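K.L.:
Take a look at input.cif, mmCIF, N, CA and C atoms:
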data_structure
loop_
_atom_site.label_atom_id
_atom_site.label_comp_id
_atom_site.auth_asym_id
_atom_site.auth_seq_id
_atom_site.Cartn_x
_atom_site.Cartn_y
_atom_site.Cartn_z
N MET A 1 -63.42 -10.31 85.50
CA MET A 1 -63.78 -9.05 86.07
C MET A 1 -63.34 -7.92 85.14
N ASP A 2 -64.22 -6.99 84.99
CA ASP A 2 -63.96 -5.85 84.14
C ASP A 2 -63.36 -4.72 84.97
N LYS A 3 -62.14 -4.34 84.64
CA LYS A 3 -61.52 -3.21 85.34
C LYS A 3 -61.91 -1.94 84.62
N LYS A 4 -62.38 -1.00 85.40
CA LYS A 4 -62.75 0.29 84.81
C LYS A 4 -61.55 1.23 84.87
N GLU A 5 -61.40 1.94 83.80
CA GLU A 5 -60.34 2.94 83.75
C GLU A 5 -60.73 4.09 84.68
N PRO A 6 -59.78 4.62 85.44
CA PRO A 6 -60.10 5.76 86.30
C PRO A 6 -60.44 6.98 85.45
N LYS A 7 -61.47 7.67 85.85
CA LYS A 7 -61.89 8.84 85.11
C LYS A 7 -61.07 10.04 85.54
N SER A 8 -60.63 10.78 84.59
CA SER A 8 -59.90 12.01 84.88
C SER A 8 -60.92 13.11 85.13
N ASN A 9 -60.71 13.85 86.16
CA ASN A 9 -61.63 14.94 86.48
C ASN A 9 -61.32 16.19 85.68
N ILE A 10 -60.20 16.19 85.00
CA ILE A 10 -59.76 17.37 84.27
C ILE A 10 -59.86 17.10 82.77
N ASP A 11 -60.53 18.00 82.08
CA ASP A 11 -60.57 17.95 80.63
C ASP A 11 -59.87 19.21 80.13
N ILE A 12 -58.67 19.04 79.61
CA ILE A 12 -57.84 20.18 79.21
C ILE A 12 -58.53 21.04 78.16
N VAL A 13 -59.23 20.42 77.23
CA VAL A 13 -59.91 21.19 76.18
C VAL A 13 -60.98 22.08 76.79
N LYS A 14 -61.75 21.55 77.72
CA LYS A 14 -62.78 22.37 78.38
C LYS A 14 -62.14 23.49 79.19
N GLU A 15 -61.05 23.17 79.87
CA GLU A 15 -60.34 24.19 80.65
C GLU A 15 -59.80 25.29 79.74
N PHE A 16 -59.30 24.89 78.57
CA PHE A 16 -58.79 25.86 77.61
C PHE A 16 -59.90 26.77 77.11
N LYS A 17 -61.06 26.18 76.84
CA LYS A 17 -62.19 26.97 76.33
C LYS A 17 -62.74 27.94 77.37
N LYS A 18 -62.51 27.65 78.66
CA LYS A 18 -62.96 28.55 79.72
C LYS A 18 -62.14 29.83 79.78
N GLU A 19 -60.92 29.79 79.26
CA GLU A 19 -60.04 30.96 79.30
C GLU A 19 -60.55 32.04 78.35
N ASN A 20 -60.18 33.29 78.65
CA ASN A 20 -60.56 34.38 77.74
C ASN A 20 -59.70 34.30 76.47
N LYS A 21 -60.10 35.03 75.45
CA LYS A 21 -59.43 34.94 74.14
C LYS A 21 -57.95 35.34 74.24
N HIS A 22 -57.65 36.32 75.07
CA HIS A 22 -56.28 36.77 75.23
C HIS A 22 -55.39 35.64 75.75
N GLU A 23 -55.84 34.96 76.80
CA GLU A 23 -55.07 33.86 77.37
C GLU A 23 -55.00 32.67 76.41
N GLN A 24 -56.09 32.40 75.70
CA GLN A 24 -56.08 31.32 74.71
C GLN A 24 -55.03 31.59 73.64
N THR A 25 -54.97 32.84 73.18
CA THR A 25 -54.00 33.19 72.15
C THR A 25 -52.58 33.02 72.65
N LEU A 26 -52.31 33.45 73.88
CA LEU A 26 -50.97 33.29 74.44
C LEU A 26 -50.60 31.82 74.62
N LEU A 27 -51.56 31.00 75.01
CA LEU A 27 -51.30 29.56 75.14
C LEU A 27 -51.01 28.93 73.78
N LEU A 28 -51.76 29.32 72.77
CA LEU A 28 -51.51 28.81 71.41
C LEU A 28 -50.13 29.25 70.92
N ILE A 29 -49.76 30.49 71.21
CA ILE A 29 -48.44 30.98 70.80
C ILE A 29 -47.35 30.17 71.48
N ALA A 30 -47.52 29.88 72.77
CA ALA A 30 -46.52 29.07 73.48
C ALA A 30 -46.40 27.69 72.85
N GLY A 31 -47.52 27.11 72.45
CA GLY A 31 -47.50 25.82 71.77
C GLY A 31 -46.83 25.90 70.41
N ILE A 32 -47.12 26.94 69.66
CA ILE A 32 -46.51 27.12 68.34
C ILE A 32 -45.00 27.31 68.46
N VAL A 33 -44.60 28.12 69.43
CA VAL A 33 -43.16 28.35 69.64
C VAL A 33 -42.47 27.04 70.02
N PHE A 34 -43.11 26.24 70.88
CA PHE A 34 -42.52 24.95 71.27
C PHE A 34 -42.37 24.04 70.05
N ILE A 35 -43.41 23.95 69.24
CA ILE A 35 -43.37 23.09 68.04
C ILE A 35 -42.32 23.60 67.05
N SER A 36 -42.16 24.92 66.95
CA SER A 36 -41.20 25.47 65.99
C SER A 36 -39.76 25.10 66.32
N THR A 37 -39.50 24.71 67.55
CA THR A 37 -38.13 24.33 67.90
C THR A 37 -37.73 22.98 67.29
N PHE A 38 -38.70 22.21 66.83
CA PHE A 38 -38.39 20.95 66.16
C PHE A 38 -38.09 21.17 64.68
N LEU A 39 -38.44 22.32 64.16
CA LEU A 39 -38.19 22.65 62.75
C LEU A 39 -36.79 23.21 62.60
N PRO A 40 -36.27 23.25 61.37
CA PRO A 40 -34.91 23.80 61.16
C PRO A 40 -34.84 25.29 61.49
N TRP A 41 -33.87 25.64 62.33
CA TRP A 41 -33.62 27.05 62.65
C TRP A 41 -32.48 27.60 61.82
N MET A 42 -31.59 26.71 61.39
CA MET A 42 -30.43 27.15 60.66
C MET A 42 -30.02 26.05 59.68
N SER A 43 -29.66 26.45 58.48
CA SER A 43 -29.22 25.50 57.48
C SER A 43 -27.89 25.98 56.91
N ILE A 44 -26.89 25.12 56.98
CA ILE A 44 -25.57 25.51 56.50
C ILE A 44 -25.32 24.85 55.16
N LEU A 45 -25.16 25.68 54.16
CA LEU A 45 -24.93 25.25 52.78
C LEU A 45 -26.00 24.28 52.29
N ARG A 46 -27.14 24.34 52.87
CA ARG A 46 -28.28 23.48 52.54
C ARG A 46 -27.94 21.99 52.65
N ILE A 47 -26.89 21.70 53.40
CA ILE A 47 -26.47 20.31 53.60
C ILE A 47 -26.86 19.84 54.99
N GLN A 48 -26.57 20.67 55.98
CA GLN A 48 -26.84 20.30 57.36
C GLN A 48 -27.71 21.38 58.00
N SER A 49 -28.69 20.92 58.75
CA SER A 49 -29.56 21.89 59.41
C SER A 49 -29.59 21.62 60.91
N TYR A 50 -29.87 22.67 61.67
CA TYR A 50 -29.96 22.59 63.12
C TYR A 50 -31.33 23.07 63.54
N ASN A 51 -31.94 22.33 64.47
CA ASN A 51 -33.25 22.76 64.95
C ASN A 51 -33.10 23.66 66.17
N GLY A 52 -34.22 24.08 66.75
CA GLY A 52 -34.22 25.02 67.86
C GLY A 52 -33.72 24.45 69.17
N TRP A 53 -33.49 23.16 69.23
CA TRP A 53 -32.96 22.56 70.46
C TRP A 53 -31.49 22.86 70.62
N ASN A 54 -30.84 23.33 69.57
CA ASN A 54 -29.41 23.63 69.62
C ASN A 54 -29.21 25.12 69.90
N GLY A 55 -28.32 25.42 70.80
CA GLY A 55 -27.93 26.81 71.04
C GLY A 55 -28.99 27.64 71.73
N ALA A 56 -29.19 28.84 71.23
CA ALA A 56 -30.08 29.81 71.86
C ALA A 56 -31.54 29.37 71.85
N GLY A 57 -31.90 28.48 70.97
CA GLY A 57 -33.28 28.00 70.91
C GLY A 57 -33.69 27.24 72.16
N LEU A 58 -32.73 26.74 72.90
CA LEU A 58 -33.03 26.02 74.13
C LEU A 58 -33.73 26.93 75.15
N ILE A 59 -33.37 28.20 75.18
CA ILE A 59 -34.04 29.16 76.06
C ILE A 59 -35.52 29.25 75.68
N THR A 60 -35.79 29.28 74.40
CA THR A 60 -37.15 29.37 73.90
C THR A 60 -37.95 28.13 74.27
N VAL A 61 -37.34 26.96 74.16
CA VAL A 61 -38.00 25.70 74.53
C VAL A 61 -38.38 25.71 76.00
N ILE A 62 -37.43 26.06 76.85
CA ILE A 62 -37.67 26.06 78.29
C ILE A 62 -38.76 27.07 78.66
N ALA A 63 -38.71 28.26 78.10
CA ALA A 63 -39.71 29.28 78.42
C ALA A 63 -41.11 28.87 77.96
N SER A 64 -41.22 28.26 76.77
CA SER A 64 -42.54 27.85 76.29
C SER A 64 -43.10 26.71 77.12
N ILE A 65 -42.24 25.76 77.52
CA ILE A 65 -42.70 24.66 78.37
C ILE A 65 -43.15 25.19 79.73
N LEU A 66 -42.37 26.10 80.31
CA LEU A 66 -42.75 26.67 81.60
C LEU A 66 -44.06 27.45 81.52
N TYR A 67 -44.27 28.15 80.41
CA TYR A 67 -45.52 28.90 80.24
C TYR A 67 -46.71 27.94 80.20
N LEU A 68 -46.57 26.87 79.44
CA LEU A 68 -47.66 25.90 79.34
C LEU A 68 -47.89 25.20 80.67
N LEU A 69 -46.81 24.86 81.38
CA LEU A 69 -46.95 24.20 82.68
C LEU A 69 -47.57 25.14 83.72
N GLN A 70 -47.21 26.41 83.65
CA GLN A 70 -47.77 27.38 84.59
C GLN A 70 -49.29 27.44 84.45
N TRP A 71 -49.78 27.24 83.25
CA TRP A 71 -51.23 27.24 83.05
C TRP A 71 -51.84 25.91 83.44
N ALA A 72 -51.18 24.81 83.06
CA ALA A 72 -51.78 23.48 83.22
C ALA A 72 -51.71 22.92 84.64
N LEU A 73 -50.63 23.14 85.35
CA LEU A 73 -50.46 22.52 86.66
C LEU A 73 -51.55 22.89 87.67
N PRO A 74 -51.97 24.14 87.78
CA PRO A 74 -53.06 24.44 88.72
C PRO A 74 -54.37 23.73 88.37
N LYS A 75 -54.55 23.40 87.11
CA LYS A 75 -55.76 22.66 86.70
C LYS A 75 -55.77 21.25 87.29
N PHE A 76 -54.57 20.72 87.56
CA PHE A 76 -54.44 19.39 88.16
C PHE A 76 -54.22 19.46 89.67
N LYS A 77 -54.57 20.60 90.24
CA LYS A 77 -54.47 20.82 91.69
C LYS A 77 -53.03 20.78 92.20
N VAL A 78 -52.08 21.13 91.36
CA VAL A 78 -50.69 21.23 91.78
C VAL A 78 -50.43 22.69 92.15
N LYS A 79 -49.88 22.91 93.33
CA LYS A 79 -49.63 24.28 93.77
C LYS A 79 -48.40 24.82 93.06
N VAL A 80 -48.58 25.98 92.48
CA VAL A 80 -47.50 26.66 91.77
C VAL A 80 -47.26 27.98 92.47
N PRO A 81 -46.01 28.31 92.79
CA PRO A 81 -45.76 29.58 93.48
C PRO A 81 -46.17 30.76 92.61
N LYS A 82 -46.74 31.75 93.24
CA LYS A 82 -47.17 32.96 92.52
C LYS A 82 -45.98 33.90 92.38
N ILE A 83 -45.69 34.25 91.17
CA ILE A 83 -44.61 35.20 90.88
C ILE A 83 -45.24 36.31 90.06
N SER A 84 -45.10 37.54 90.51
CA SER A 84 -45.72 38.64 89.79
C SER A 84 -45.07 38.79 88.41
N ASN A 85 -45.89 39.03 87.45
CA ASN A 85 -45.48 39.21 86.05
C ASN A 85 -44.76 37.99 85.47
N SER A 86 -45.01 36.81 86.00
CA SER A 86 -44.31 35.62 85.50
C SER A 86 -44.68 35.30 84.06
N LYS A 87 -45.93 35.55 83.68
CA LYS A 87 -46.32 35.27 82.29
C LYS A 87 -45.56 36.16 81.33
N LYS A 88 -45.42 37.43 81.68
CA LYS A 88 -44.69 38.35 80.81
C LYS A 88 -43.22 37.96 80.71
N ILE A 89 -42.65 37.52 81.82
CA ILE A 89 -41.24 37.11 81.82
C ILE A 89 -41.06 35.89 80.92
N LEU A 90 -41.97 34.92 81.00
CA LEU A 90 -41.85 33.71 80.18
C LEU A 90 -42.07 34.01 78.70
N ILE A 91 -42.98 34.95 78.39
CA ILE A 91 -43.18 35.35 76.99
C ILE A 91 -41.89 36.00 76.46
N LEU A 92 -41.27 36.84 77.28
CA LEU A 92 -40.00 37.44 76.86
C LEU A 92 -38.93 36.36 76.70
N GLY A 93 -38.98 35.33 77.53
CA GLY A 93 -38.04 34.21 77.39
C GLY A 93 -38.21 33.49 76.07
N MET A 94 -39.45 33.37 75.61
CA MET A 94 -39.69 32.73 74.31
C MET A 94 -39.07 33.56 73.19
N LEU A 95 -39.08 34.88 73.35
CA LEU A 95 -38.51 35.77 72.34
C LEU A 95 -36.99 35.79 72.42
N ALA A 96 -36.43 35.43 73.57
CA ALA A 96 -34.99 35.54 73.78
C ALA A 96 -34.19 34.64 72.83
N GLY A 97 -34.65 33.43 72.57
CA GLY A 97 -33.92 32.52 71.70
C GLY A 97 -33.68 33.09 70.31
N PRO A 98 -34.75 33.46 69.59
CA PRO A 98 -34.53 34.04 68.26
C PRO A 98 -33.73 35.33 68.28
N VAL A 99 -33.94 36.17 69.30
CA VAL A 99 -33.21 37.44 69.37
C VAL A 99 -31.72 37.17 69.62
N LEU A 100 -31.40 36.24 70.52
CA LEU A 100 -30.00 35.92 70.77
C LEU A 100 -29.33 35.33 69.54
N MET A 101 -30.06 34.50 68.80
CA MET A 101 -29.50 33.92 67.58
C MET A 101 -29.23 35.03 66.56
N PHE A 102 -30.15 35.98 66.47
CA PHE A 102 -29.98 37.09 65.55
C PHE A 102 -28.78 37.94 65.95
N LEU A 103 -28.69 38.27 67.25
CA LEU A 103 -27.59 39.12 67.71
C LEU A 103 -26.24 38.43 67.57
N SER A 104 -26.20 37.13 67.77
CA SER A 104 -24.92 36.41 67.64
C SER A 104 -24.46 36.32 66.19
N SER A 105 -25.39 36.51 65.26
CA SER A 105 -25.02 36.38 63.85
C SER A 105 -24.49 37.69 63.27
N ILE A 106 -24.68 38.79 63.97
CA ILE A 106 -24.24 40.08 63.44
C ILE A 106 -22.72 40.07 63.30
N GLY A 107 -22.27 40.38 62.13
CA GLY A 107 -20.84 40.44 61.87
C GLY A 107 -20.22 39.14 61.42
N SER A 108 -20.82 38.01 61.74
CA SER A 108 -20.19 36.74 61.37
C SER A 108 -20.77 36.16 60.08
N TYR A 109 -22.06 36.25 59.92
CA TYR A 109 -22.68 35.75 58.70
C TYR A 109 -24.05 36.38 58.56
N ASN A 110 -24.59 36.29 57.38
CA ASN A 110 -25.91 36.86 57.14
C ASN A 110 -26.97 35.86 57.59
N LEU A 111 -27.61 36.14 58.71
CA LEU A 111 -28.57 35.22 59.29
C LEU A 111 -29.71 34.89 58.34
N PHE A 112 -30.15 35.87 57.58
CA PHE A 112 -31.32 35.65 56.74
C PHE A 112 -31.03 34.74 55.54
N ASN A 113 -29.77 34.50 55.26
CA ASN A 113 -29.44 33.53 54.21
C ASN A 113 -29.44 32.10 54.72
N ILE A 114 -29.23 31.92 56.03
CA ILE A 114 -29.13 30.56 56.56
C ILE A 114 -30.26 30.20 57.52
N ALA A 115 -31.10 31.17 57.90
CA ALA A 115 -32.16 30.88 58.86
C ALA A 115 -33.22 29.98 58.24
N GLY A 116 -33.72 29.05 59.04
CA GLY A 116 -34.74 28.12 58.59
C GLY A 116 -36.13 28.57 59.00
N ILE A 117 -37.13 27.84 58.58
CA ILE A 117 -38.52 28.19 58.82
C ILE A 117 -38.87 28.19 60.31
N GLY A 118 -38.28 27.28 61.07
CA GLY A 118 -38.55 27.23 62.51
C GLY A 118 -38.14 28.50 63.22
N PHE A 119 -37.00 29.07 62.79
CA PHE A 119 -36.53 30.33 63.37
C PHE A 119 -37.54 31.44 63.13
N TYR A 120 -38.03 31.54 61.89
CA TYR A 120 -38.97 32.61 61.57
C TYR A 120 -40.30 32.43 62.32
N ILE A 121 -40.77 31.20 62.41
CA ILE A 121 -42.01 30.94 63.15
C ILE A 121 -41.83 31.32 64.61
N ALA A 122 -40.73 30.91 65.22
CA ALA A 122 -40.47 31.25 66.63
C ALA A 122 -40.33 32.75 66.81
N LEU A 123 -39.64 33.41 65.90
CA LEU A 123 -39.43 34.85 66.01
C LEU A 123 -40.75 35.61 65.93
N PHE A 124 -41.55 35.31 64.91
CA PHE A 124 -42.79 36.06 64.74
C PHE A 124 -43.84 35.70 65.79
N ALA A 125 -43.95 34.42 66.15
CA ALA A 125 -44.93 34.03 67.16
C ALA A 125 -44.58 34.60 68.52
N SER A 126 -43.31 34.51 68.91
CA SER A 126 -42.93 35.05 70.21
C SER A 126 -42.96 36.58 70.21
N GLY A 127 -42.66 37.19 69.08
CA GLY A 127 -42.78 38.65 68.98
C GLY A 127 -44.22 39.10 69.14
N TYR A 128 -45.13 38.40 68.49
CA TYR A 128 -46.56 38.73 68.63
C TYR A 128 -47.04 38.44 70.04
N GLY A 129 -46.55 37.35 70.64
CA GLY A 129 -46.92 37.04 72.02
C GLY A 129 -46.44 38.11 72.99
N THR A 130 -45.24 38.63 72.76
CA THR A 130 -44.72 39.71 73.59
C THR A 130 -45.60 40.94 73.46
N TYR A 131 -45.97 41.27 72.24
CA TYR A 131 -46.86 42.40 72.02
C TYR A 131 -48.18 42.22 72.77
N LEU A 132 -48.78 41.02 72.66
CA LEU A 132 -50.06 40.76 73.35
C LEU A 132 -49.91 40.81 74.86
N ALA A 133 -48.84 40.22 75.37
CA ALA A 133 -48.65 40.14 76.82
C ALA A 133 -48.49 41.53 77.44
N PHE A 134 -47.83 42.43 76.73
CA PHE A 134 -47.57 43.75 77.29
C PHE A 134 -48.64 44.77 76.89
N SER A 135 -49.53 44.41 75.97
CA SER A 135 -50.56 45.36 75.55
C SER A 135 -51.78 45.32 76.44
N LYS A 136 -51.89 44.29 77.26
CA LYS A 136 -53.09 44.19 78.10
C LYS A 136 -52.77 44.53 79.53
#
Would you mind writing the file's structure down as structure tokens?

P.N.:
Amino acid sequence: MDKKEPKSNIDIVKEFKKENKHEQTLLLIAGIVFISTFLPWMSILRIQSYNGWNGAGLITVIASILYLLQWALPKFKVKVPKISNSKKILILGMLAGPVLMFLSSIGSYNLFNIAGIGFYIALFASGYGTYLAFSK
């Protein structure tokens, strides 16, 4: 007997394409910020590096995951509580990790000498996402 695989009624790519350009851009930014947390955020003496999962980057990981889930869960018929301005709050959360890392470095060491590529990607992507979220 041939067992048929159950068909999924949801095609995430089609659902993504249905969104307007503004929402698509914010979703891509959330994905980029999430991926950037796997890259080096800090390198000490070029011997040891730390990714975004350590320290303040954890806030960025959580905010980007929540942003993506907030979009995806209703597509799978999962009820998500409505919170006013939740998208803007989560975008600001994505920016919080790099900003906290920057603020914690003031006075102790020069962040720009030890910051890794993941930090810069997260900082610029979340900064641009914040600009987009509050400009519309």

K.L.:
Kindly list the centre and edge lengths in Å, rounded to one decimal, for the axis-aligned box that covers all listed atoms of range 11-30 of chain A plus 5 Å on each of its six sides, as lines of an AutoDock Vina configuration file.

P.N.:
center_x = -54.7
center_y = 27.4
center_z = 76.4
size_x = 26.6
size_y = 28.8
size_z = 21.3

K.L.:
Can you spell out as a PyMOL selection string the set of residues that the PyMOL selection byres ((chain A and resi 36) around 8) selects in the structure I just provided?

P.N.:
chain A and resi 30-35+37-41+51-53+117-122

K.L.:
So that I can check the surroundings of Ile12 in chain A, please list as a PDB file with N, CA and C atoms, in the frame of the given file every protein, DNA and RNA residue that reaches within 10 Å of it, counting only C-alpha atoms and ignoring chain neighbours fewer than 4 positions away.

P.N.:
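Here's the written file selection-v9.pdb:
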ATOM      1  N   PHE A  16     -59.300  24.890  78.570  1.00  0.00           N
ATOM      2  CA  PHE A  16     -58.790  25.860  77.610  1.00  0.00           C
ATOM      3  C   PHE A  16     -59.900  26.770  77.110  1.00  0.00           C
ATOM      4  N   LYS A  17     -61.060  26.180  76.840  1.00  0.00           N
ATOM      5  CA  LYS A  17     -62.190  26.970  76.330  1.00  0.00           C
ATOM      6  C   LYS A  17     -62.740  27.940  77.370  1.00  0.00           C
ATOM      7  N   LYS A  18     -62.510  27.650  78.660  1.00  0.00           N
ATOM      8  CA  LYS A  18     -62.960  28.550  79.720  1.00  0.00           C
ATOM      9  C   LYS A  18     -62.140  29.830  79.780  1.00  0.00           C
ATOM     10  N   ALA A  72     -51.180  24.810  83.060  1.00  0.00           N
ATOM     11  CA  ALA A  72     -51.780  23.480  83.220  1.00  0.00           C
ATOM     12  C   ALA A  72     -51.710  22.920  84.640  1.00  0.00           C
ATOM     13  N   LYS A  75     -54.550  23.400  87.110  1.00  0.00           N
ATOM     14  CA  LYS A  75     -55.760  22.660  86.700  1.00  0.00           C
ATOM     15  C   LYS A  75     -55.770  21.250  87.290  1.00  0.00           C
ATOM     16  N   PHE A  76     -54.570  20.720  87.560  1.00  0.00           N
ATOM     17  CA  PHE A  76     -54.440  19.390  88.160  1.00  0.00           C
ATOM     18  C   PHE A  76     -54.220  19.460  89.670  1.00  0.00           C
TER      19      PHE A  76
END

K.L.:
My list of candidates is A:Ser135, A:Ala56, A:Lys21, A:Ile65. Which is closest to Leu100 in chain A when distances are computed with only N, CA and C atoms?

P.N.:
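When distances to Leu100 in chain A are compared using only N, CA and C atoms, the smallest one comes from A:Ala56.
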
K.L.:
Do a neighbour search on range 87-90 of chain A at 7 Å with only N, CA and C atoms, toss out local chain neighbours closer than 2 positions, and write the hits as a list in words.

P.N.:
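In the requested format, the answer is Ala63, Ser64, Leu66, Tyr67, Ile83, Ser84, Asn85, Leu92, Gly93, Met94, Leu95, Ala133 and Phe134 of chain A.
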
K.L.:
Taking the backbone alone, and naming residues the way the document does, which bits of chain A are strand (DSSP E or B) by DSSP, as a PyMOL selection string?

P.N.:
chain A and resi 40-44+48-51+115

K.L.:
List every residue of range 16-89 of chain A that DSSP, applied to the backbone of this structure, assigns to alpha helix (DSSP H), and report them as a PyMOL selection string.

P.N.:
chain A and resi 16-18+21-36+57-72+86-89

K.L.:
Using Å and a single decimal, report how far atom N of Ile29 in chain A sits from CA of Gly127 in chain A.

P.N.:
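Atom N of Ile29 in chain A lies at a distance of 11.0 Å from CA of Gly127 in chain A.
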
K.L.:
Between A:Leu103, A:Ile91, A:Val13, A:Val78, single out the one closest to Gly129 in chain A, counting all atoms listed in the file.

P.N.:
A:Ile91

K.L.:
Considering all atoms listed in the file, state which residue in the set A:Leu26, A:Ala115, A:Asp11, A:Ile62 is at the smallest distance from Tyr128 in chain A.

P.N.:
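The answer is A:Leu26, which sits nearest to Tyr128 in chain A.
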
K.L.:
Need the shell around Val80 in chain A: protein/DNA/RNA residues with any atom at most 10 Å away, counting only C-alpha atoms. Skip same-chain ones fewer than 4 positions apart. Format as a VMD selection string?

P.N.:
chain A and resid 69 to 71 73 to 74

K.L.:
Quote the spacing between atom C of Gly57 in chain A and CA of Lys79 in chain A in Å to one decimal place.

P.N.:
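According to the coordinates, atom C of Gly57 in chain A and CA of Lys79 in chain A are separated by 27.0 Å.
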
K.L.:
Taking into account only C-alpha atoms, which residue in the set A:Lys14, A:Thr130, A:Asn20, A:Met101 is nearest to Ile114 in chain A?

P.N.:
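Of the candidates, the smallest distance to Ile114 in chain A is held by A:Met101.
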
K.L.:
Can you work out the spacing between CA of Leu58 in chain A and CA of Ser86 in chain A in Å, to one decimal?

P.N.:
18.7 Å

K.L.:
Kindly indicate which residue among A:Leu132, A:Ser43, A:Tyr50, A:Ile59 lies nearest to Ala96 in chain A, using only N, CA and C atoms for the distances.

P.N.:
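Comparing A:Leu132, A:Ser43, A:Tyr50, A:Ile59 against Ala96 in chain A, the winner is A:Ile59.
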